[in-house]
Amino acid sequence: MTDSATLFSTRSARRALAQARWRLRFTRTLVYVILVTIATVQAFPLIWMIVTSVKDSHEVFNTVLPAQIKWGNFPRVWFAMNFPVHLANSLYVTSLTVVLVVAFATPAAYAFARYRFPGREVVFYAFIGAMMIPPQAILIPMFQFLKSLYLLNSLTGLALSYVGGGVAFAVFLMRTFFLSLPGELGDSARIDGCNDFQVFWHIYLPLARPGIATVVIIQSLYTWNEFMFANTLITSPGKKTVQSAVFQAVGQYGTDYTALCSGLIIALVPVVIVYLALQRQFISGLTAGALKG
Amino acid sequence: MDRAARPPHLSLRLQRLIPPALFIAPAALALILTMAAPMAAAILLSLQRWDGMSPPRWAGFSNYLNLMQDDTFLRALWHTAYFTTCTVILQTVLPLLIASLLNSGIRGSAVFRTLYFMPVIISLAISGLLWAMLFEPNFGAINSLLRAIGLGAFTPLWLADPNTVMPSIIIVSVWQSLGFYLVIFFAALQSVPNELYEAAELDGANAWSRFLHVTVPTIRPVILIVIVLNTINGIKVFDQIWVMTAGGPDYASATLGTYLYSIAFGAMGASNSRLGYATAISVVILLLSIVVSVIQIRLGRRPDLDSQIEL
């Protein structure tokens, strides 16, 4: 009696277990199918772009894959679209913006995190509020402002136009970083005779390197990719940044998709290289920026 | 201590202000010069009539009143609302669902996240140019694909058709930002304690109700942030649309951003255009993004529930 009961129960238990296992395997497979489908959709435009860039011009619309990989499109576009100049322009604007943003924002963020002073909250909220300002809102006055300073159509002027928004965001991000550093370090350094500036420069600045790295990554990506200001404040073709140069090229190349795709890839390569090299910092930096914002 | 009991002498208090003031001064100066001053100038300019050449004339609120009667502006406002609503819904729900799938303990989740994230690093302008090629009605990749799988009857003109241009632009936006919001949600999901799920499972909750009753309430603050970010990005949308359609065909995809841009800079240079009028639109964009996100934060905040998660 008892024997048959246990036998029965183990058998049904085994069956239930098998069923559960099968169901688990089924849902697992379903999840993978969904995820792979989405990955395909996400990757398709990029793969299409790469494949098209190595096609022969007459193959573009007829064949899925090129008969022969043609690297020749890249040197052709490299010189025809004047990429060395545009890449150098973008590099200059990006470096100048990043240097200015870090130089201005780091001490300010430090002060917001480490000092108590009347009006601190108000000033800090002014910085946060500035992050909310959409770029369109200041585009037209910025155009006039740079024009009056003879900095219109100047890469330095373009970089300056990015500094305000960048500083607001960087102050915000760096403040949280400085808050996470122990305050005792500064106190003991002060006892040892360091003044305020020395405490900042010798104690906290070296420790803030990871925070600065995040700001550098986010600001570089943002500045490199920025289109509206770059396309508006720079007018002469030789001073265009990569983004607006590629946009201008569309009118010129029309349906020469092999050329356009090669151009887009050249424009993307610097960002992709940095992304692949610093993937983790990239993702965590960008999401940290969003979550704290 | 003595110091705490008696407020320090005024000059001493001022002296203590000096170091933080010096640390903040450069940043504050940069912010005033390149943010606050242009912002104030924009508000002033929106109250003036100005073609960029002859001296501006005071116009009161006439720019704003004219906006109310400008059919193209009202259409642009509607398109902006449409784009913002759709992207807020799609770019919150889809990333959250996919992030939950990735967080369900499957293998290779990091690989998927890297793949999904790729479009995020691409500039809006470049992804717009890329998708404009894909959407090309006659020989673009998407319609070619549709014809190849026997859906030749369903080959829309995409960006060239006033009826499909906004949905097409929304597709690009979802493609581009999926990975970004997904990674945000994924990070939030990882912080949800496993015991909560185990308890719900013991209570007999299936996957869907665990998602609805455990996941969503726990990461509510993050969902709110994603909604606010999506809203702000939706209201100011410009780059992709300008690059793909410039607001066309016939203003069918004009948003506040593209309409203001085409008034101020569309006809090459800013010399013969209505700058005051265009600036009034930019002030509308500013006010909309502030008002809507403040309302969202007010409505979405639940101090009683949200205190557990510290961002």
# chains A, B, ... in the order shown; residues from 1 in each chain; ligands from 1
$ interface_residues --of "chain B" --to "chain A" --cutoff "6 Å" --atoms "only C-alpha atoms" --output "list in words"
Pro20, Phe23, Ile24, Pro26, Ala27, Ala30, Leu31, Thr34, Met35, Pro38, Met39, Ala42, Ser123, Phe139, Ile184 and Ser282 of chain B
$ select_by_dssp --residues "range 25-171 of chain B" --states "helix (DSSP H, G or I)" --output "number ranges by chain"
B: 25-45, 62-68, 71-102, 109-121, 124-135, 141-148, 158-160, 165-171
$ atom_distance --atom1 "CA of Arg301 in chain B" --atom2 "CA of Leu224 in chain B"
8.1 Å
$ residues_around --residues "Glu201 in chain B" --least-positions-apart "5" --cutoff "12 Å" --atoms "only C-alpha atoms" --output "PyMOL selection string"
chain B and resi 194-196+206-211+213-214
$ residues_around --residues "range 112-121 of chain B" --least-positions-apart "3" --cutoff "7 Å" --atoms "only C-alpha atoms" --output "list in words"
Ala39 and Gln42 of chain A; Gly108, Ser109, Gln176, Ser177, Gly179 and Phe180 of chain B
$ write_last_selection --atoms "N, CA and C atoms" --output "compact mmCIF listing (two decimals), in the first residue's frame"
# COMPACT_ATOMS: atom_id res chain seq x y z
N ALA A 39 17.86 41.72 -32.09
CA ALA A 39 19.26 41.98 -32.44
C ALA A 39 19.41 42.11 -33.94
N GLN A 42 18.11 45.48 -34.96
CA GLN A 42 19.05 46.53 -34.56
C GLN A 42 20.29 46.55 -35.45
N GLY B 108 24.32 35.09 -22.16
CA GLY B 108 24.64 35.98 -23.27
C GLY B 108 23.96 37.32 -23.19
N SER B 109 23.47 37.67 -22.00
CA SER B 109 22.75 38.95 -21.87
C SER B 109 23.67 40.13 -22.18
N GLN B 176 17.02 53.84 -32.62
CA GLN B 176 18.20 54.51 -32.12
C GLN B 176 18.31 54.47 -30.60
N SER B 177 17.18 54.64 -29.90
CA SER B 177 17.32 54.84 -28.46
C SER B 177 16.95 53.62 -27.63
N GLY B 179 18.48 50.81 -27.11
CA GLY B 179 19.60 50.32 -26.31
C GLY B 179 19.89 51.20 -25.12
N PHE B 180 19.72 52.49 -25.29
CA PHE B 180 20.01 53.44 -24.22
C PHE B 180 19.09 53.22 -23.02
$ closest_residue --among "A:Thr176, A:Gln252, A:Ser57, A:Gln281" --to "Thr214 in chain A" --atoms "only C-alpha atoms"
A:Gln281
$ closest_residue --among "B:Trp50, B:Tyr259, B:Tyr181, B:Tyr251" --to "Leu96 in chain B" --atoms "only C-alpha atoms"
B:Tyr181
$ residues_around --residues "Phe83 in chain B" --least-positions-apart "2" --cutoff "8 Å" --atoms "only C-alpha atoms" --output "JSON, numbers by chain"
{"B": [79, 80, 81, 85, 86, 87, 166, 170, 234]}
$ write_last_selection --atoms "N, CA and C atoms" --output "mmCIF file, in the first residue's frame"
data_model
loop_
_atom_site.group_PDB
_atom_site.id
_atom_site.type_symbol
_atom_site.label_atom_id
_atom_site.label_comp_id
_atom_site.auth_asym_id
_atom_site.auth_seq_id
_atom_site.Cartn_x
_atom_site.Cartn_y
_atom_site.Cartn_z
ATOM 1 N N HIS B 79 2.370 67.629 -34.568
ATOM 2 C CA HIS B 79 3.357 66.591 -34.884
ATOM 3 C C HIS B 79 4.309 66.353 -33.714
ATOM 4 N N THR B 80 4.675 67.452 -33.034
ATOM 5 C CA THR B 80 5.569 67.309 -31.888
ATOM 6 C C THR B 80 4.880 66.500 -30.788
ATOM 7 N N ALA B 81 3.605 66.808 -30.539
ATOM 8 C CA ALA B 81 2.860 66.075 -29.509
ATOM 9 C C ALA B 81 2.728 64.603 -29.901
ATOM 10 N N THR B 85 4.348 61.669 -27.737
ATOM 11 C CA THR B 85 3.502 60.653 -27.112
ATOM 12 C C THR B 85 3.920 59.256 -27.554
ATOM 13 N N CYS B 86 4.077 59.066 -28.864
ATOM 14 C CA CYS B 86 4.437 57.734 -29.358
ATOM 15 C C CYS B 86 5.794 57.293 -28.829
ATOM 16 N N THR B 87 6.793 58.188 -28.878
ATOM 17 C CA THR B 87 8.119 57.756 -28.440
ATOM 18 C C THR B 87 8.144 57.541 -26.927
ATOM 19 N N MET B 166 5.546 60.407 -40.361
ATOM 20 C CA MET B 166 5.757 60.454 -38.905
ATOM 21 C C MET B 166 6.020 59.072 -38.307
ATOM 22 N N ILE B 170 9.351 57.823 -36.272
ATOM 23 C CA ILE B 170 9.259 57.224 -34.937
ATOM 24 C C ILE B 170 10.010 55.886 -34.908
ATOM 25 N N GLY B 234 11.617 64.334 -26.960
ATOM 26 C CA GLY B 234 10.569 64.390 -27.970
ATOM 27 C C GLY B 234 10.196 65.823 -28.315
#
$ atom_distance --atom1 "CA of Ile128 in chain A" --atom2 "CA of Ala28 in chain B"
12.0 Å
$ atom_distance --atom1 "CA of Val99 in chain A" --atom2 "CA of Gly183 in chain A"
26.6 Å
